[in-house]
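Quick look at coords.csv (CSV, N, CA and C atoms):
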```csv
chain,number,residue,atom,x,y,z
T,1,MET,N,127.2,144.2,83.9
T,1,MET,CA,126.8,142.8,83.6
T,1,MET,C,125.6,142.5,84.5
T,2,SER,N,124.6,141.9,83.9
T,2,SER,CA,123.4,141.6,84.6
T,2,SER,C,123.5,140.3,85.4
T,3,LEU,N,122.6,140.1,86.3
T,3,LEU,CA,122.6,138.8,87.1
T,3,LEU,C,122.5,137.6,86.2
T,4,ILE,N,121.6,137.7,85.2
T,4,ILE,CA,121.5,136.5,84.3
T,4,ILE,C,122.8,136.2,83.5
T,5,GLU,N,123.5,137.2,83.1
T,5,GLU,CA,124.8,137.0,82.5
T,5,GLU,C,125.8,136.4,83.5
T,6,ILE,N,125.8,136.8,84.7
T,6,ILE,CA,126.7,136.2,85.7
T,6,ILE,C,126.3,134.8,86.0
T,7,ILE,N,125.0,134.5,86.1
T,7,ILE,CA,124.5,133.1,86.3
T,7,ILE,C,124.9,132.3,85.1
T,8,GLY,N,125.0,132.8,83.9
T,8,GLY,CA,125.4,132.1,82.7
T,8,GLY,C,126.8,131.6,82.8
T,9,PHE,N,127.6,132.2,83.6
T,9,PHE,CA,129.0,131.8,83.8
T,9,PHE,C,129.1,130.6,84.7
T,10,VAL,N,128.1,130.3,85.4
T,10,VAL,CA,128.1,129.1,86.3
T,10,VAL,C,128.3,127.8,85.5
T,11,PRO,N,127.4,127.5,84.5
T,11,PRO,CA,127.7,126.3,83.7
T,11,PRO,C,128.9,126.4,82.8
T,12,ALA,N,129.3,127.7,82.5
T,12,ALA,CA,130.5,127.9,81.7
T,12,ALA,C,131.7,127.5,82.4
T,13,VAL,N,131.7,127.5,83.7
T,13,VAL,CA,132.8,127.1,84.6
T,13,VAL,C,132.6,125.6,85.0
T,14,VAL,N,131.4,125.3,85.5
T,14,VAL,CA,131.1,124.0,86.1
T,14,VAL,C,131.2,122.8,85.0
T,15,PHE,N,130.6,123.0,83.9
T,15,PHE,CA,130.6,121.9,82.9
T,15,PHE,C,132.1,121.6,82.4
T,16,PRO,N,132.9,122.6,82.0
T,16,PRO,CA,134.2,122.2,81.6
T,16,PRO,C,135.1,121.7,82.8
T,17,ALA,N,134.9,122.3,83.9
T,17,ALA,CA,135.6,121.8,85.1
T,17,ALA,C,135.3,120.4,85.4
T,18,ALA,N,134.1,120.0,85.4
T,18,ALA,CA,133.7,118.6,85.7
T,18,ALA,C,134.3,117.7,84.6
T,19,THR,N,134.3,118.1,83.4
T,19,THR,CA,134.8,117.3,82.3
T,19,THR,C,136.3,117.2,82.4
T,20,ILE,N,137.0,118.3,82.8
T,20,ILE,CA,138.4,118.3,82.9
T,20,ILE,C,138.8,117.3,84.1
T,21,ILE,N,138.0,117.3,85.1
T,21,ILE,CA,138.3,116.3,86.2
T,21,ILE,C,138.4,114.9,85.7
T,22,GLN,N,137.4,114.5,84.9
T,22,GLN,CA,137.4,113.2,84.3
T,22,GLN,C,138.6,113.0,83.3
T,23,LEU,N,138.9,114.0,82.5
T,23,LEU,CA,139.9,114.0,81.6
T,23,LEU,C,141.3,113.8,82.3
T,24,VAL,N,141.5,114.5,83.3
T,24,VAL,CA,142.8,114.4,84.1
T,24,VAL,C,142.9,113.0,84.7
T,25,HIS,N,141.8,112.5,85.2
T,25,HIS,CA,141.9,111.1,85.7
T,25,HIS,C,142.2,110.1,84.7
T,26,LEU,N,141.6,110.2,83.5
T,26,LEU,CA,142.0,109.3,82.4
T,26,LEU,C,143.4,109.4,82.0
T,27,LEU,N,143.9,110.6,81.9
T,27,LEU,CA,145.3,110.9,81.4
T,27,LEU,C,146.3,110.4,82.5
T,28,LYS,N,146.0,110.5,83.8
T,28,LYS,CA,146.9,110.0,84.8
T,28,LYS,C,146.8,108.5,85.0
T,29,SER,N,145.7,107.9,84.9
T,29,SER,CA,145.5,106.5,85.2
T,29,SER,C,145.8,105.7,83.9
T,30,LYS,N,145.6,106.3,82.7
T,30,LYS,CA,145.8,105.6,81.5
T,30,LYS,C,144.9,104.3,81.4
T,31,SER,N,143.8,104.4,82.0
T,31,SER,CA,142.8,103.3,82.1
T,31,SER,C,141.4,103.9,81.9
T,32,ALA,N,140.6,103.1,81.1
T,32,ALA,CA,139.2,103.6,80.9
T,32,ALA,C,138.3,102.8,81.7
T,33,GLY,N,138.8,102.1,82.7
T,33,GLY,CA,137.9,101.3,83.6
T,33,GLY,C,136.8,102.1,84.3
T,34,GLY,N,135.6,101.7,84.1
T,34,GLY,CA,134.5,102.4,84.7
T,34,GLY,C,134.0,103.7,84.1
T,35,VAL,N,134.6,104.0,82.9
T,35,VAL,CA,134.2,105.2,82.2
T,35,VAL,C,133.4,104.9,81.0
T,36,SER,N,132.2,105.4,80.9
T,36,SER,CA,131.3,105.1,79.8
T,36,SER,C,131.5,106.0,78.6
T,37,PRO,N,131.9,105.4,77.4
T,37,PRO,CA,132.0,106.3,76.2
T,37,PRO,C,130.6,106.7,75.8
T,38,GLY,N,129.6,105.9,76.0
T,38,GLY,CA,128.2,106.3,75.7
T,38,GLY,C,127.7,107.5,76.4
T,39,ALA,N,128.0,107.5,77.7
T,39,ALA,CA,127.6,108.7,78.5
T,39,ALA,C,128.3,110.0,78.1
T,40,TRP,N,129.6,109.9,77.9
T,40,TRP,CA,130.4,111.1,77.5
T,40,TRP,C,130.1,111.5,76.1
T,41,GLY,N,129.8,110.6,75.2
T,41,GLY,CA,129.4,110.9,73.9
T,41,GLY,C,128.0,111.6,73.9
T,42,SER,N,127.1,111.1,74.7
T,42,SER,CA,125.8,111.7,74.8
T,42,SER,C,125.9,113.1,75.4
T,43,PHE,N,126.8,113.3,76.4
T,43,PHE,CA,126.9,114.7,76.9
T,43,PHE,C,127.4,115.6,75.8
T,44,ALA,N,128.4,115.1,75.0
T,44,ALA,CA,128.9,116.0,73.9
T,44,ALA,C,127.8,116.4,72.9
T,45,ILE,N,127.0,115.4,72.5
T,45,ILE,CA,125.9,115.6,71.6
T,45,ILE,C,124.9,116.6,72.2
T,46,GLY,N,124.6,116.3,73.5
T,46,GLY,CA,123.6,117.2,74.2
T,46,GLY,C,124.1,118.6,74.2
T,47,ASN,N,125.4,118.8,74.5
T,47,ASN,CA,125.9,120.2,74.6
T,47,ASN,C,125.8,120.9,73.2
T,48,VAL,N,126.2,120.2,72.2
T,48,VAL,CA,126.1,120.8,70.8
T,48,VAL,C,124.6,121.2,70.5
T,49,CYS,N,123.7,120.3,70.8
T,49,CYS,CA,122.3,120.5,70.6
T,49,CYS,C,121.8,121.7,71.4
T,50,LEU,N,122.2,121.7,72.7
T,50,LEU,CA,121.7,122.8,73.5
T,50,LEU,C,122.3,124.2,73.0
T,51,PHE,N,123.6,124.2,72.6
T,51,PHE,CA,124.2,125.4,72.0
T,51,PHE,C,123.3,125.8,70.8
T,52,THR,N,122.9,124.9,69.9
T,52,THR,CA,122.1,125.3,68.8
T,52,THR,C,120.7,125.7,69.2
T,53,TYR,N,120.1,125.1,70.1
T,53,TYR,CA,118.8,125.4,70.6
T,53,TYR,C,118.7,126.8,71.2
T,54,THR,N,119.7,127.2,72.0
T,54,THR,CA,119.7,128.4,72.7
T,54,THR,C,119.9,129.6,71.8
T,55,GLU,N,120.6,129.4,70.6
T,55,GLU,CA,120.8,130.4,69.6
T,55,GLU,C,121.7,131.6,70.2
T,56,LYS,N,122.6,131.3,71.1
T,56,LYS,CA,123.5,132.3,71.7
T,56,LYS,C,124.9,132.0,71.2
T,57,TYR,N,125.0,132.1,69.9
T,57,TYR,CA,126.2,131.7,69.1
T,57,TYR,C,127.4,132.6,69.4
T,58,ASP,N,127.2,133.8,69.9
T,58,ASP,CA,128.3,134.7,70.1
T,58,ASP,C,128.6,135.1,71.5
T,59,GLU,N,127.9,134.3,72.4
T,59,GLU,CA,128.1,134.6,73.9
T,59,GLU,C,129.2,133.6,74.4
T,60,LEU,N,130.1,134.2,75.1
T,60,LEU,CA,131.2,133.5,75.7
T,60,LEU,C,130.8,132.3,76.6
T,61,GLN,N,129.8,132.6,77.4
T,61,GLN,CA,129.3,131.6,78.3
T,61,GLN,C,128.8,130.3,77.6
T,62,SER,N,128.1,130.5,76.5
T,62,SER,CA,127.6,129.4,75.7
T,62,SER,C,128.7,128.7,74.9
T,63,ILE,N,129.6,129.5,74.4
T,63,ILE,CA,130.7,128.8,73.7
T,63,ILE,C,131.6,128.0,74.6
T,64,ILE,N,132.0,128.5,75.7
T,64,ILE,CA,132.8,127.8,76.7
T,64,ILE,C,132.0,126.7,77.3
T,65,GLY,N,130.9,127.0,77.8
T,65,GLY,CA,130.1,126.0,78.6
T,65,GLY,C,129.5,124.9,77.8
T,66,LEU,N,129.3,125.1,76.5
T,66,LEU,CA,128.7,124.0,75.7
T,66,LEU,C,129.7,123.5,74.6
T,67,LEU,N,130.2,124.4,73.7
T,67,LEU,CA,131.0,123.9,72.6
T,67,LEU,C,132.4,123.4,73.1
T,68,PHE,N,133.1,124.2,73.9
T,68,PHE,CA,134.4,123.8,74.4
T,68,PHE,C,134.3,122.5,75.2
T,69,THR,N,133.2,122.5,76.0
T,69,THR,CA,133.0,121.3,76.8
T,69,THR,C,132.8,120.1,76.0
T,70,SER,N,132.0,120.2,74.9
T,70,SER,CA,131.7,119.1,74.0
T,70,SER,C,133.0,118.6,73.3
T,71,LEU,N,133.9,119.5,73.0
T,71,LEU,CA,135.2,119.1,72.4
T,71,LEU,C,136.0,118.2,73.5
T,72,LEU,N,136.0,118.7,74.7
T,72,LEU,CA,136.7,117.9,75.8
T,72,LEU,C,136.1,116.6,75.9
T,73,GLN,N,134.7,116.5,75.9
T,73,GLN,CA,134.0,115.3,76.1
T,73,GLN,C,134.3,114.3,74.9
T,74,LEU,N,134.4,114.8,73.7
T,74,LEU,CA,134.8,113.9,72.6
T,74,LEU,C,136.2,113.4,72.8
T,75,TYR,N,137.1,114.2,73.3
T,75,TYR,CA,138.4,113.8,73.6
T,75,TYR,C,138.4,112.7,74.6
T,76,ILE,N,137.6,112.8,75.6
T,76,ILE,CA,137.4,111.7,76.6
T,76,ILE,C,137.0,110.4,75.9
T,77,VAL,N,136.0,110.5,75.0
T,77,VAL,CA,135.5,109.3,74.3
T,77,VAL,C,136.7,108.7,73.5
T,78,TYR,N,137.5,109.5,72.9
T,78,TYR,CA,138.7,109.0,72.1
T,78,TYR,C,139.6,108.3,73.1
T,79,LEU,N,139.9,108.9,74.2
T,79,LEU,CA,140.8,108.3,75.2
T,79,LEU,C,140.3,107.0,75.7
T,80,ILE,N,139.0,106.9,76.0
T,80,ILE,CA,138.4,105.7,76.4
T,80,ILE,C,138.6,104.5,75.4
T,81,TYR,N,138.4,104.8,74.2
T,81,TYR,CA,138.6,103.7,73.2
T,81,TYR,C,140.1,103.4,73.0
T,82,LYS,N,140.9,104.4,73.1
T,82,LYS,CA,142.4,104.2,73.0
T,82,LYS,C,142.9,103.4,74.1
T,83,TYR,N,142.5,103.7,75.3
T,83,TYR,CA,143.0,102.9,76.5
T,83,TYR,C,142.4,101.5,76.5
T,84,ARG,N,141.1,101.4,76.1
T,84,ARG,CA,140.5,100.0,76.0
T,84,ARG,C,141.2,99.2,75.0
T,85,ARG,N,141.6,99.8,73.9
T,85,ARG,CA,142.3,99.0,72.8
T,85,ARG,C,143.7,98.6,73.4
T,86,GLN,N,144.4,99.5,74.0
T,86,GLN,CA,145.7,99.2,74.6
T,86,GLN,C,145.6,98.1,75.6
T,87,GLU,N,144.5,98.1,76.5
T,87,GLU,CA,144.4,97.1,77.5
T,87,GLU,C,144.1,95.8,76.9
T,88,SER,N,143.3,95.7,75.8
T,88,SER,CA,142.9,94.5,75.1
T,88,SER,C,144.2,93.9,74.4
T,89,LEU,N,145.0,94.8,73.8
T,89,LEU,CA,146.2,94.3,73.2
T,89,LEU,C,147.2,93.7,74.2
T,90,ALA,N,147.2,94.3,75.4
T,90,ALA,CA,148.2,93.9,76.4
T,90,ALA,C,147.8,92.5,77.0
T,91,THR,N,146.5,92.2,77.0
T,91,THR,CA,146.0,91.0,77.6
T,91,THR,C,145.9,89.9,76.5
T,92,ALA,N,146.1,90.2,75.3
T,92,ALA,CA,146.0,89.2,74.2
T,92,ALA,C,147.2,88.4,74.0
```

Written as structure tokens, how would this file's structure read?
Amino acid sequence: MSLIEIIGFVPAVVFPAATIIQLVHLLKSKSAGGVSPGAWGSFAIGNVCLFTYTEKYDELQSIIGLLFTSLLQLYIVYLIYKYRRQESLATA
């Protein structure tokens, strides 16, 4: 494995790990306070676009670091809206 391939695993670990940290926080707190759906949605779109741009469709680093992460980020957006809806129903 070359140095470039090894370096490619850095974002393949960091991007999903950072996303999972936010996801775990949301799931534990069951509150979307202070979490921006626009930011997380933008990250998801950016990751899919970067995956397409790099044309590394069969490389594990790209699939995990970009596509898998974008799925997690879309789940975060879903949870944000779900928890905001629940919070607004509880206060109504």

Measuring atom to atom with only C-alpha atoms, identify which of T:Leu3, T:Gly34, T:Gln61, T:Glu55 is nearest to Phe15 in chain T.
-> T:Gln61

So how far away is CA of Ile76 in chain T from atom C of Leu26 in chain T, in Å?
->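 Distance reported for this atom pair: 8.4 Å.
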
Between T:Leu66, T:Val24, T:Ala32, T:Leu74, which has the minimum distance to Glu87 in chain T (counting only N, CA and C atoms)?
->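 With only N, CA and C atoms as the atom set, the closest residue is T:Ala32.
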
Alpha helix (DSSP H) positions in chain T, given as number ranges by chain | T: 3-29, 37-54, 60-62, 69-91

Considering only C-alpha atoms, return as a PyMOL selection string whatever protein or nucleic-acid residues lie within 12 Å of Ala17 in chain T, sequence-local ones (same chain, fewer than 2 positions apart) excluded.
-> chain T and resi 10-15+19-24+64-66+68-69+72-73

Between CA of Gly33 in chain T and CA of Tyr75 in chain T, what is the spacing in Å?
->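 Distance reported for this atom pair: 16.0 Å.
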
For CA of Leu50 in chain T and atom C of Glu5 in chain T, quote the distance in Å rounded to one decimal.
-> 17.4 Å

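Minimum distance to Leu27 in chain T across T:Tyr78, T:Thr91, T:Ile63, T:Gly46 (counting only C-alpha atoms) occurs at T:Tyr78.
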
Regenerate range 19-41 of chain T at the level of N, CA, C and O atoms and dump it as a PDB file, in the frame of the given file.
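So the final result, stored in part_36.pdb, reads:
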```
ATOM      1  N   THR T  19     134.300 118.100  83.400  1.00  0.00           N
ATOM      2  CA  THR T  19     134.800 117.300  82.300  1.00  0.00           C
ATOM      3  C   THR T  19     136.300 117.200  82.400  1.00  0.00           C
ATOM      4  O   THR T  19     136.901 116.134  82.176  1.00  0.00           O
ATOM      5  N   ILE T  20     137.000 118.300  82.800  1.00  0.00           N
ATOM      6  CA  ILE T  20     138.400 118.300  82.900  1.00  0.00           C
ATOM      7  C   ILE T  20     138.800 117.300  84.100  1.00  0.00           C
ATOM      8  O   ILE T  20     139.870 116.659  83.969  1.00  0.00           O
ATOM      9  N   ILE T  21     138.000 117.300  85.100  1.00  0.00           N
ATOM     10  CA  ILE T  21     138.300 116.300  86.200  1.00  0.00           C
ATOM     11  C   ILE T  21     138.400 114.900  85.700  1.00  0.00           C
ATOM     12  O   ILE T  21     139.334 114.150  85.977  1.00  0.00           O
ATOM     13  N   GLN T  22     137.400 114.500  84.900  1.00  0.00           N
ATOM     14  CA  GLN T  22     137.400 113.200  84.300  1.00  0.00           C
ATOM     15  C   GLN T  22     138.600 113.000  83.300  1.00  0.00           C
ATOM     16  O   GLN T  22     139.254 111.959  83.298  1.00  0.00           O
ATOM     17  N   LEU T  23     138.900 114.000  82.500  1.00  0.00           N
ATOM     18  CA  LEU T  23     139.900 114.000  81.600  1.00  0.00           C
ATOM     19  C   LEU T  23     141.300 113.800  82.300  1.00  0.00           C
ATOM     20  O   LEU T  23     142.105 112.949  81.852  1.00  0.00           O
ATOM     21  N   VAL T  24     141.500 114.500  83.300  1.00  0.00           N
ATOM     22  CA  VAL T  24     142.800 114.400  84.100  1.00  0.00           C
ATOM     23  C   VAL T  24     142.900 113.000  84.700  1.00  0.00           C
ATOM     24  O   VAL T  24     143.987 112.413  84.604  1.00  0.00           O
ATOM     25  N   HIS T  25     141.800 112.500  85.200  1.00  0.00           N
ATOM     26  CA  HIS T  25     141.900 111.100  85.700  1.00  0.00           C
ATOM     27  C   HIS T  25     142.200 110.100  84.700  1.00  0.00           C
ATOM     28  O   HIS T  25     143.070 109.230  84.915  1.00  0.00           O
ATOM     29  N   LEU T  26     141.600 110.200  83.500  1.00  0.00           N
ATOM     30  CA  LEU T  26     142.000 109.300  82.400  1.00  0.00           C
ATOM     31  C   LEU T  26     143.400 109.400  82.000  1.00  0.00           C
ATOM     32  O   LEU T  26     144.109 108.416  81.811  1.00  0.00           O
ATOM     33  N   LEU T  27     143.900 110.600  81.900  1.00  0.00           N
ATOM     34  CA  LEU T  27     145.300 110.900  81.400  1.00  0.00           C
ATOM     35  C   LEU T  27     146.300 110.400  82.500  1.00  0.00           C
ATOM     36  O   LEU T  27     147.340 109.830  82.121  1.00  0.00           O
ATOM     37  N   LYS T  28     146.000 110.500  83.800  1.00  0.00           N
ATOM     38  CA  LYS T  28     146.900 110.000  84.800  1.00  0.00           C
ATOM     39  C   LYS T  28     146.800 108.500  85.000  1.00  0.00           C
ATOM     40  O   LYS T  28     147.876 107.890  85.082  1.00  0.00           O
ATOM     41  N   SER T  29     145.700 107.900  84.900  1.00  0.00           N
ATOM     42  CA  SER T  29     145.500 106.500  85.200  1.00  0.00           C
ATOM     43  C   SER T  29     145.800 105.700  83.900  1.00  0.00           C
ATOM     44  O   SER T  29     146.157 104.511  83.995  1.00  0.00           O
ATOM     45  N   LYS T  30     145.600 106.300  82.700  1.00  0.00           N
ATOM     46  CA  LYS T  30     145.800 105.600  81.500  1.00  0.00           C
ATOM     47  C   LYS T  30     144.900 104.300  81.400  1.00  0.00           C
ATOM     48  O   LYS T  30     145.316 103.336  80.796  1.00  0.00           O
ATOM     49  N   SER T  31     143.800 104.400  82.000  1.00  0.00           N
ATOM     50  CA  SER T  31     142.800 103.300  82.100  1.00  0.00           C
ATOM     51  C   SER T  31     141.400 103.900  81.900  1.00  0.00           C
ATOM     52  O   SER T  31     141.076 104.885  82.502  1.00  0.00           O
ATOM     53  N   ALA T  32     140.600 103.100  81.100  1.00  0.00           N
ATOM     54  CA  ALA T  32     139.200 103.600  80.900  1.00  0.00           C
ATOM     55  C   ALA T  32     138.300 102.800  81.700  1.00  0.00           C
ATOM     56  O   ALA T  32     137.046 102.886  81.536  1.00  0.00           O
ATOM     57  N   GLY T  33     138.800 102.100  82.700  1.00  0.00           N
ATOM     58  CA  GLY T  33     137.900 101.300  83.600  1.00  0.00           C
ATOM     59  C   GLY T  33     136.800 102.100  84.300  1.00  0.00           C
ATOM     60  O   GLY T  33     137.115 103.078  84.910  1.00  0.00           O
ATOM     61  N   GLY T  34     135.600 101.700  84.100  1.00  0.00           N
ATOM     62  CA  GLY T  34     134.500 102.400  84.700  1.00  0.00           C
ATOM     63  C   GLY T  34     134.000 103.700  84.100  1.00  0.00           C
ATOM     64  O   GLY T  34     133.132 104.341  84.600  1.00  0.00           O
ATOM     65  N   VAL T  35     134.600 104.000  82.900  1.00  0.00           N
ATOM     66  CA  VAL T  35     134.200 105.200  82.200  1.00  0.00           C
ATOM     67  C   VAL T  35     133.400 104.900  81.000  1.00  0.00           C
ATOM     68  O   VAL T  35     133.867 104.086  80.177  1.00  0.00           O
ATOM     69  N   SER T  36     132.200 105.400  80.900  1.00  0.00           N
ATOM     70  CA  SER T  36     131.300 105.100  79.800  1.00  0.00           C
ATOM     71  C   SER T  36     131.500 106.000  78.600  1.00  0.00           C
ATOM     72  O   SER T  36     131.202 107.206  78.690  1.00  0.00           O
ATOM     73  N   PRO T  37     131.900 105.400  77.400  1.00  0.00           N
ATOM     74  CA  PRO T  37     132.000 106.300  76.200  1.00  0.00           C
ATOM     75  C   PRO T  37     130.600 106.700  75.800  1.00  0.00           C
ATOM     76  O   PRO T  37     130.420 107.836  75.247  1.00  0.00           O
ATOM     77  N   GLY T  38     129.600 105.900  76.000  1.00  0.00           N
ATOM     78  CA  GLY T  38     128.200 106.300  75.700  1.00  0.00           C
ATOM     79  C   GLY T  38     127.700 107.500  76.400  1.00  0.00           C
ATOM     80  O   GLY T  38     127.058 108.393  75.840  1.00  0.00           O
ATOM     81  N   ALA T  39     128.000 107.500  77.700  1.00  0.00           N
ATOM     82  CA  ALA T  39     127.600 108.700  78.500  1.00  0.00           C
ATOM     83  C   ALA T  39     128.300 110.000  78.100  1.00  0.00           C
ATOM     84  O   ALA T  39     127.662 110.999  77.860  1.00  0.00           O
ATOM     85  N   TRP T  40     129.600 109.900  77.900  1.00  0.00           N
ATOM     86  CA  TRP T  40     130.400 111.100  77.500  1.00  0.00           C
ATOM     87  C   TRP T  40     130.100 111.500  76.100  1.00  0.00           C
ATOM     88  O   TRP T  40     129.989 112.717  75.821  1.00  0.00           O
ATOM     89  N   GLY T  41     129.800 110.600  75.200  1.00  0.00           N
ATOM     90  CA  GLY T  41     129.400 110.900  73.900  1.00  0.00           C
ATOM     91  C   GLY T  41     128.000 111.600  73.900  1.00  0.00           C
ATOM     92  O   GLY T  41     127.789 112.562  73.131  1.00  0.00           O
TER      93      GLY T  41
END
```
